[in-house]
Amino acid sequence: MLEITASWEGGYRCRVPIRGFEVLVDEPATVTGGTDTGPTPTELLLASLGACFTLALAHVARKRGRELPDLRVRVRGAYRGAGFDRIVVEATSSEPELVRSVLDQAIRSSYVSNTVRGQPEIEYRVEPAVASHGQGPPPRPR
């Protein structure tokens with residue numbers, strides 16, 4: 001199982017360490033509490049979908065001994081309420097026939113595409129925080 005932890009930093013900002021990287025997530029300054037120091041969660045969702053599908057297309061083409069050096073994938077999401085009701089994934093390349101020929105296999109091998117399309121069960125839990133050295137709130141005076 002893959003695990004990611006997001007830590008709130010105030011306002012609408014959080015920090016997400018991932019392996020040796022760190023992602024800051026925020027809302028635009030036009031949203032009260034947002035400071036525009038990072039992409040929004042929905043932008044990251046579309047970015048994950050686009051990045052994963054780009055890699056899947058390149059992977060399948062490479063397995064066939066071909067390269068797609070100018071491959072680009074654009075992802076657009078149409079909001080409906082608090083979510084997307086339509087997502088469009090568009091690949092462009094100077095080799096459109098090659099992209100078309102690998103498309104179905106790339107769709108099947110894209111983890112993020114499969115997850116979004118499959119609508120996985122999401123379980124939400126609440127656990128008490130455990131304070132440790134230098135982390136968590138200070139002890140309350142008695």
# chains A, B, ... in the order shown; residues from 1 in each chain; ligands from 1
>>> select_by_dssp(residues="stretch 40-142 of chain A", states="strand (DSSP E)", output="list of chain:residue names")
A:Arg72, A:Val73, A:Arg74, A:Val75, A:Arg76, A:Gly77, A:Ala78, A:Tyr79, A:Arg80, A:Gly83, A:Phe84, A:Asp85, A:Arg86, A:Ile87, A:Val88, A:Val89, A:Glu90, A:Ala91, A:Thr92
>>> select_by_dssp(residues="stretch 11-118 of chain A", states="helix (DSSP H, G or I)", output="number ranges by chain")
A: 41-63, 96-109, 111-118
>>> write_last_selection(atoms="C-alpha atoms", output="CSV table (one decimal), in the first residue's frame")
chain,number,residue,atom,x,y,z
A,41,PRO,CA,-5.6,19.8,-4.9
A,42,THR,CA,-7.7,19.6,-8.1
A,43,GLU,CA,-4.8,20.9,-10.2
A,44,LEU,CA,-2.7,18.1,-8.7
A,45,LEU,CA,-5.4,15.5,-9.5
A,46,LEU,CA,-5.4,16.6,-13.2
A,47,ALA,CA,-1.6,16.8,-13.1
A,48,SER,CA,-1.3,13.3,-11.8
A,49,LEU,CA,-3.7,12.0,-14.5
A,50,GLY,CA,-1.8,13.8,-17.2
A,51,ALA,CA,1.7,12.8,-16.0
A,52,CYS,CA,0.7,9.2,-15.5
A,53,PHE,CA,-0.9,9.0,-18.9
A,54,THR,CA,2.1,10.7,-20.6
A,55,LEU,CA,4.4,8.1,-19.1
A,56,ALA,CA,2.1,5.3,-20.1
A,57,LEU,CA,2.0,6.4,-23.7
A,58,ALA,CA,5.8,6.8,-23.8
A,59,HIS,CA,6.2,3.4,-22.1
A,60,VAL,CA,4.0,1.5,-24.6
A,61,ALA,CA,5.7,3.3,-27.6
A,62,ARG,CA,9.2,2.4,-26.2
A,63,LYS,CA,8.1,-1.2,-25.8
A,96,PRO,CA,-0.4,11.0,-34.1
A,97,GLU,CA,-0.8,7.5,-35.7
A,98,LEU,CA,1.8,6.0,-33.3
A,99,VAL,CA,-0.1,7.6,-30.4
A,100,ARG,CA,-3.4,6.2,-31.7
A,101,SER,CA,-1.8,2.8,-32.1
A,102,VAL,CA,-0.6,2.7,-28.4
A,103,LEU,CA,-3.6,4.5,-26.9
A,104,ASP,CA,-5.7,1.5,-25.7
A,105,GLN,CA,-2.7,-0.2,-24.1
A,106,ALA,CA,-1.6,3.0,-22.5
A,107,ILE,CA,-5.1,3.6,-21.1
A,108,ARG,CA,-5.1,0.0,-19.6
A,109,SER,CA,-1.6,0.5,-18.1
A,111,TYR,CA,-2.5,3.6,-12.8
A,112,VAL,CA,-4.1,7.0,-12.2
A,113,SER,CA,-6.5,6.6,-15.2
A,114,ASN,CA,-7.6,3.2,-13.9
A,115,THR,CA,-8.1,4.6,-10.4
A,116,VAL,CA,-10.2,7.5,-11.4
A,117,ARG,CA,-12.3,5.5,-13.8
A,118,GLY,CA,-12.7,2.6,-11.3
>>> residues_around(residues="A:Thr32", least_positions_apart="6", cutoff="12 Å", atoms="only C-alpha atoms", output="list in words")
Gly10, Gly11, Tyr12, Arg13 and Asp26 of chain A
>>> atom_distance(atom1="atom CA of A:Gly38", atom2="atom CA of A:Gly20")
17.6 Å
>>> residues_around(residues="A:Asp36", least_positions_apart="4", cutoff="10 Å", atoms="only C-alpha atoms", output="ChimeraX atom specification")
/A:12-13,24-31,40
>>> write_last_selection(atoms="C-alpha atoms", output="PDB file, in the first residue's frame")
ATOM      1  CA  TYR A  12      -5.529  26.674   2.810  1.00  0.00           C
ATOM      2  CA  ARG A  13      -1.935  25.492   2.646  1.00  0.00           C
ATOM      3  CA  LEU A  24       3.177  22.528  -1.256  1.00  0.00           C
ATOM      4  CA  VAL A  25      -0.552  22.650  -1.853  1.00  0.00           C
ATOM      5  CA  ASP A  26      -2.507  25.892  -1.568  1.00  0.00           C
ATOM      6  CA  GLU A  27      -5.447  27.790  -2.931  1.00  0.00           C
ATOM      7  CA  PRO A  28      -5.126  30.960  -5.017  1.00  0.00           C
ATOM      8  CA  ALA A  29      -4.892  34.302  -3.209  1.00  0.00           C
ATOM      9  CA  THR A  30      -8.370  35.076  -4.593  1.00  0.00           C
ATOM     10  CA  VAL A  31      -9.734  32.483  -2.141  1.00  0.00           C
ATOM     11  CA  THR A  40      -4.562  23.381  -5.753  1.00  0.00           C
TER      12      THR A  40
END
>>> closest_residue(among="A:Ile122, A:Leu71, A:Ile4, A:Ala129", to="A:Ala91", atoms="only C-alpha atoms")
A:Leu71
>>> closest_residue(among="A:Thr35, A:Thr5, A:Glu123, A:Ser94", to="A:Val23", atoms="only C-alpha atoms")
A:Thr5
